[in-house]
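I have placed the structure first, in the form of structure tokens, so that the comments after it can refer back to it.
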4 protein chains.
Amino acid sequence: MPAQNSSPSHSQGPRRSPTSHQAIVSAAVELAGELPYSRLSIEAIAARAGVGKQTIYRWWPSKAAVVLDAVLTWSQGDDGDLQLPDTGDLETDLRAVLHATVDELNDPHYDRPMRSLTVAIVEDAQLAAEYGERLERPLHQAKKARLHRAQLAGELDPEADLDVAVEMIFGPIMNRWMTRSGPLTHAYADAVLATALAGLRRRG
Amino acid sequence: MPAQNSSPSHSQGPRRSPTSHQAIVSAAVELAGELPYSRLSIEAIAARAGVGKQTIYRWWPSKAAVVLDAVLTWSQGDDGDLQLPDTGDLETDLRAVLHATVDELNDPHYDRPMRSLTVAIVEDAQLAAEYGERLERPLHQAKKARLHRAQLAGELDPEADLDVAVEMIFGPIMNRWMTRSGPLTHAYADAVLATALAGLRRRG
Amino acid sequence: MPAQNSSPSHSQGPRRSPTSHQAIVSAAVELAGELPYSRLSIEAIAARAGVGKQTIYRWWPSKAAVVLDAVLTWSQGDDGDLQLPDTGDLETDLRAVLHATVDELNDPHYDRPMRSLTVAIVEDAQLAAEYGERLERPLHQAKKARLHRAQLAGELDPEADLDVAVEMIFGPIMNRWMTRSGPLTHAYADAVLATALAGLRRRG
Amino acid sequence: MPAQNSSPSHSQGPRRSPTSHQAIVSAAVELAGELPYSRLSIEAIAARAGVGKQTIYRWWPSKAAVVLDAVLTWSQGDDGDLQLPDTGDLETDLRAVLHATVDELNDPHYDRPMRSLTVAIVEDAQLAAEYGERLERPLHQAKKARLHRAQLAGELDPEADLDVAVEMIFGPIMNRWMTRSGPLTHAYADAVLATALAGLRRRG
DNA sequence: GTCTAACCGAGACGGTACGTCCAGTCTTGTT
DNA sequence: AACAAGACTGGACGTACCGTCTCGGTTAGAC
């Protein structure tokens, strides 16, 4: 008797093709840079990636999820970026970060895929949560950490809520970017930053 | 030459059916409250409105434009609202406005159509401009006017940029709503408002 | 007075495009002559016809139904053919018909579309009934009519069941064609005919 | 059809798993009894048999070939049946055979798999040849042998072509079964048989 | 008694086609 | 001329299978 059915299953899990995965993600970023989100199709991603549609549906639940992974993979360079500059002067450091952010948001190569992802996030709460955990939260923590150091250094009111503080600085800028309610300039960023810090600084 | 029979006074231009127009706009709001924007179809709007598809295409260039008109018409009550309360105490007045805003944004009857419109705006610069002129700017001006009175009354720094000021107060809240990056509570609104006003108040 | 708008609908029925209809039917016959039935796709028919797939699905319930209509339309010339030749000699007349039939069945231009239709009929009882009414029965009646004249003329046993008689003559040939159980020649047809008539003739 | 590499003498050839083979064939018959041929998939056969798809593709070139093997294996009882009854009276013996045939063809357990196989045969000349050799020819020979004995006994015209004779008797019935051009009854079989034998009997 | 090659189950892969939904255009007949 | 209705071409959806292709894991003979 072969006595072999002790192992209940072959249990080796799915074997995802890394080349296909990469091709899909790359194609998605490319296309997200060429088309608005609503005209970005899974069919086009599959065709561009040289992949069967089913390979996308097998691994991602929706177009939005593909775009999330695509943008995350694409901006992976940010992963090491989890440390904000710290020259000792908070406003200087934040100004540098904000200027870089504004420059990115004004660069179509960044703006277009990011805007696609944002459309998906505004529409889909599930995806927003996923995005929050995987990209937004680490960035938020890095910003908060910088503010925390400033707080310890006496640059900020010791009672300030730093989560709110981060949003005071970045929220108006992201909102202006999303809704295009005005030009997104360094000067605007500086004004936002100055006002926010004025409100956050140690009070006599 | 057809002699330009769109002659001024007596001409009637296109004879748009007011009942059809109203039915379309109502159906669009209803459906925007039931479905995410991406699954909202012109076909469904036409069917719900009891209208031929062509009647929609005749008067609106895109689904986004219908939704814009629909949401605008639906929230027309706000039109009289162009005056913010003025009790003499800016923070009290703004707190009331922010609480009302937060409550609306947390109400699915308001959130869902508005979110559909926002998706359309994030994706479509043309529509964003249209939206900016027709809804956002008047609201912005009303808010700015209240801040201006406060500035004149010495509650705010006379040098403060009031456009930035409005965005400091409302931007973080709208951003949190859109991206669902955190709970949208009265307390959060109060914290944003307090911080912003602290940064905007007369110094020295 | 509007009188009569009590009519619940405009009730004018569907307005099928005759050019699309014709193009679909033609493309189907063409493709049925190029591909085996199982590889004949609605997609290919639509593409060849320059038509949206939906236009096919709107008017036909299945690929089989398209093929039936296509073959019927294509062989419409047979419609006037409902009269078999009558020289007074039954065997001569039937031999001519059988030879023509055998020649057709051996002609790929006829064989291939007809075989596709036959595959559909063998598989689908519903379609078989449709086919029976629209093509087989008229042909059967024409053959039976010729046999009936022969019976009246004393060439056949007055008690012979003519429905069976028709099938005795054509059944073996059609069966051999379908199953390719042997070569389909004039000689074979003659042998079948001779045997059948020997069994059907007036017995002495 | 086994690929049967006729490798040199001592070779042992492929080591086909008999349990898998049997499971595939059984699953194919089962499914052929539940689904029309066009909706019978290799994937479903593999799943039902608890077998990898490759195991099917390794040993059979097509779905049609699996079905052929499946039906042949399933109806293997017929293999010993290669002797028709011989009571000395041809018509009695054939009537028994025809009634049994008609009963089988009217039994869904037999009709459905057989019809699937027939669909495959009508479409695929290669398979028809295979079927002809492995199932039809032995049956045909058995029928012909019985007719030959009748011919020797003087029941049939000594000049009758017995291949044609077999087809005269069985062709109309098979044709009616395939095309469902009429009810398949004992009475119909009797009428066909009587007419055919009338045409085949010793003349003069 | 290992070695090793073929077979096995499983199932991912690039594809084709399915049958459906909807976009945006066009046509018909009614108001 | 705008309207309700709805057919039209066409693009994309998400699913089912195709036939091919690895994966590990058995399972024989061959060594």
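Each chain in the structure tokens gets a letter, A, B and so on, in the order shown; residues start at 1 in every chain, and ligands are counted from 1 in the order they appear.
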
Alpha helix (DSSP H) residues, from DSSP on the backbone, in range 7-187 of chain B, as a PyMOL selection string: chain B and resi 18-32+42-49+53-59+63-74+90-106+108-123+125-131+137-152+162-179+186-187

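When chain D is laid over chain B and all C-alpha atoms are paired one by one, the RMSD comes to 3.3 Å.
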
Between CA of Phe170 in chain A and CA of Tyr110 in chain A - distance in Å to one decimal: 17.3 Å

What are the residues of chain D that have an atom within 8 Å of an atom of chain C, counting only C-alpha atoms, as a tab-separated table (two decimals) with N, CA, C and O atoms, in the first residue's frame?
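Contents of the output file part.tsv:
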chain	number	residue	atom	x	y	z
D	36	PRO	N	-24.62	18.98	-24.14
D	36	PRO	CA	-24.43	18.82	-25.57
D	36	PRO	C	-22.93	18.87	-25.89
D	36	PRO	O	-22.14	19.45	-25.16
D	37	TYR	N	-22.60	18.26	-26.98
D	37	TYR	CA	-21.19	18.11	-27.35
D	37	TYR	C	-20.44	19.44	-27.33
D	37	TYR	O	-19.31	19.52	-26.87
D	38	SER	N	-21.09	20.48	-27.83
D	38	SER	CA	-20.37	21.75	-27.96
D	38	SER	C	-20.05	22.37	-26.60
D	38	SER	O	-19.18	23.22	-26.50
D	115	ARG	N	-25.15	10.87	-29.57
D	115	ARG	CA	-25.37	12.05	-30.40
D	115	ARG	C	-24.13	12.95	-30.36
D	115	ARG	O	-23.73	13.53	-31.38
D	116	SER	N	-23.51	13.03	-29.21
D	116	SER	CA	-22.27	13.80	-29.12
D	116	SER	C	-21.23	13.24	-30.07
D	116	SER	O	-20.57	13.97	-30.81
D	118	THR	N	-21.78	11.50	-32.67
D	118	THR	CA	-22.22	11.72	-34.04
D	118	THR	C	-21.92	13.14	-34.50
D	118	THR	O	-21.47	13.36	-35.63
D	119	VAL	N	-22.14	14.10	-33.63
D	119	VAL	CA	-21.79	15.48	-33.97
D	119	VAL	C	-20.32	15.55	-34.36
D	119	VAL	O	-19.93	16.15	-35.37
D	121	ILE	N	-18.45	13.22	-35.45
D	121	ILE	CA	-18.20	12.49	-36.70
D	121	ILE	C	-18.64	13.29	-37.91
D	121	ILE	O	-17.96	13.31	-38.94
D	122	VAL	N	-19.79	13.93	-37.81
D	122	VAL	CA	-20.28	14.70	-38.96
D	122	VAL	C	-19.30	15.83	-39.27
D	122	VAL	O	-19.05	16.16	-40.42
D	123	GLU	N	-18.71	16.36	-38.23
D	123	GLU	CA	-17.82	17.50	-38.45
D	123	GLU	C	-16.41	17.10	-38.87
D	123	GLU	O	-15.76	17.83	-39.62
D	125	ALA	N	-13.84	14.48	-40.54
D	125	ALA	CA	-13.67	13.33	-41.42
D	125	ALA	C	-12.68	12.33	-40.84
D	125	ALA	O	-12.86	11.11	-40.96
D	128	ALA	N	-14.40	10.38	-38.34
D	128	ALA	CA	-15.38	9.49	-38.97
D	128	ALA	C	-14.68	8.22	-39.44
D	128	ALA	O	-15.22	7.11	-39.29
D	129	ALA	N	-13.49	8.35	-40.00
D	129	ALA	CA	-12.75	7.18	-40.47
D	129	ALA	C	-12.41	6.27	-39.31
D	129	ALA	O	-12.60	5.04	-39.37
D	132	GLY	N	-15.47	4.62	-38.21
D	132	GLY	CA	-15.85	3.61	-39.19
D	132	GLY	C	-15.09	2.31	-38.96
D	132	GLY	O	-15.68	1.23	-38.94
D	164	VAL	N	-25.04	-2.33	-49.93
D	164	VAL	CA	-26.18	-1.44	-50.14
D	164	VAL	C	-27.37	-1.91	-49.31
D	164	VAL	O	-28.08	-1.12	-48.70
D	167	GLU	N	-27.35	-0.80	-45.82
D	167	GLU	CA	-27.64	0.63	-45.70
D	167	GLU	C	-29.10	0.95	-46.01
D	167	GLU	O	-29.65	1.93	-45.49
D	168	MET	N	-29.72	0.16	-46.88
D	168	MET	CA	-31.15	0.37	-47.15
D	168	MET	C	-31.97	0.19	-45.88
D	168	MET	O	-32.98	0.86	-45.67
D	170	PHE	N	-30.72	0.17	-42.54
D	170	PHE	CA	-30.35	0.97	-41.37
D	170	PHE	C	-30.24	2.48	-41.66
D	170	PHE	O	-30.42	3.29	-40.75
D	171	GLY	N	-29.95	2.81	-42.90
D	171	GLY	CA	-29.74	4.22	-43.24
D	171	GLY	C	-30.93	5.11	-42.94
D	171	GLY	O	-30.78	6.15	-42.28
D	172	PRO	N	-32.13	4.74	-43.39
D	172	PRO	CA	-33.27	5.61	-43.12
D	172	PRO	C	-33.50	5.81	-41.63
D	172	PRO	O	-33.85	6.91	-41.19
D	173	ILE	N	-33.27	4.77	-40.85
D	173	ILE	CA	-33.49	4.88	-39.40
D	173	ILE	C	-32.46	5.79	-38.76
D	173	ILE	O	-32.79	6.68	-37.96
D	174	MET	N	-31.20	5.60	-39.10
D	174	MET	CA	-30.16	6.46	-38.54
D	174	MET	C	-30.38	7.91	-38.96
D	174	MET	O	-30.18	8.84	-38.18
D	175	ASN	N	-30.80	8.08	-40.20
D	175	ASN	CA	-31.02	9.44	-40.70
D	175	ASN	C	-32.17	10.12	-39.94
D	175	ASN	O	-32.07	11.29	-39.57
D	176	ARG	N	-33.22	9.35	-39.68
D	176	ARG	CA	-34.34	9.94	-38.94
D	176	ARG	C	-33.92	10.25	-37.50
D	176	ARG	O	-34.32	11.27	-36.94
D	178	MET	N	-30.83	11.02	-36.44
D	178	MET	CA	-29.93	12.17	-36.43
D	178	MET	C	-30.67	13.48	-36.62
D	178	MET	O	-30.44	14.44	-35.89
D	179	THR	N	-31.52	13.52	-37.61
D	179	THR	CA	-32.14	14.78	-37.99
D	179	THR	C	-33.49	14.98	-37.30
D	179	THR	O	-34.10	16.02	-37.46
D	180	ARG	N	-33.91	13.99	-36.56
D	180	ARG	CA	-35.21	14.04	-35.88
D	180	ARG	C	-36.31	14.45	-36.84
D	180	ARG	O	-37.19	15.26	-36.51
D	181	SER	N	-36.25	13.87	-38.04
D	181	SER	CA	-37.23	14.29	-39.05
D	181	SER	C	-38.57	13.60	-38.85
D	181	SER	O	-39.50	13.87	-39.60
D	188	TYR	N	-42.25	2.33	-37.66
D	188	TYR	CA	-41.45	2.92	-38.74
D	188	TYR	C	-40.35	1.95	-39.16
D	188	TYR	O	-40.13	1.71	-40.35
D	191	ALA	N	-41.76	-0.77	-41.25
D	191	ALA	CA	-42.09	-0.34	-42.61
D	191	ALA	C	-40.83	-0.26	-43.46
D	191	ALA	O	-40.80	-0.69	-44.62
D	192	VAL	N	-39.77	0.31	-42.88
D	192	VAL	CA	-38.51	0.39	-43.62
D	192	VAL	C	-38.02	-1.02	-43.97
D	192	VAL	O	-37.66	-1.31	-45.12
D	195	THR	N	-40.14	-2.75	-46.68
D	195	THR	CA	-39.91	-2.21	-48.03
D	195	THR	C	-38.54	-2.64	-48.54
D	195	THR	O	-38.40	-3.03	-49.72
D	196	ALA	N	-37.55	-2.56	-47.68
D	196	ALA	CA	-36.22	-2.92	-48.12
D	196	ALA	C	-36.17	-4.39	-48.52
D	196	ALA	O	-35.65	-4.74	-49.60
D	197	LEU	N	-36.73	-5.24	-47.70
D	197	LEU	CA	-36.69	-6.68	-48.03
D	197	LEU	C	-37.48	-6.98	-49.29
D	197	LEU	O	-37.10	-7.83	-50.10
D	198	ALA	N	-38.60	-6.25	-49.46
D	198	ALA	CA	-39.37	-6.45	-50.70
D	198	ALA	C	-38.50	-6.15	-51.91
D	198	ALA	O	-38.60	-6.82	-52.95
D	199	GLY	N	-37.64	-5.18	-51.78
D	199	GLY	CA	-36.79	-4.85	-52.91
D	199	GLY	C	-35.59	-5.77	-53.06
D	199	GLY	O	-34.92	-5.76	-54.10
D	200	LEU	N	-35.30	-6.52	-52.02
D	200	LEU	CA	-34.08	-7.34	-52.05
D	200	LEU	C	-34.37	-8.83	-52.31
D	200	LEU	O	-33.45	-9.60	-52.57

Neighbours of chain D in chain E at 12 Å, counting only C-alpha atoms (C1' of nucleotides), as a list in words: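 Taken together, these residues fit the definition: DA5, DA6, DC7, DC8, DG9, DA10, DG11 and DC18 of chain E.
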
Best match for closeness to chain F among A:Thr92, A:Thr185, A:Thr87, A:Ser41, counting only C-alpha atoms (C1' of nucleotides): A:Ser41

For chain F versus chain B, which residues have an atom no more than 10 Å away, and what is each residue's nearest atom pair and distance in Å rounded to one decimal, using only C-alpha atoms (C1' of nucleotides), chain-then-number order, as a Markdown table?
| residue | atom | partner | partner_atom | distance |
| --- | --- | --- | --- | --- |
| F:DA1 | C1' | B:Arg15 | CA | 7.6 |
| F:DA2 | C1' | B:Arg15 | CA | 6.5 |
| F:DC3 | C1' | B:Thr55 | CA | 7.4 |
| F:DA4 | C1' | B:Gly52 | CA | 5.2 |
| F:DA5 | C1' | B:Gly52 | CA | 6.6 |
| F:DG6 | C1' | B:Gly52 | CA | 8.7 |

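The protein and nucleic acid residues lying at most 7 Å from Arg146 in chain C are Leu84, Ala142 and Ala150 of chain C, with only C-alpha atoms (C1' of nucleotides) considered and sequence neighbours fewer than 4 positions away removed.
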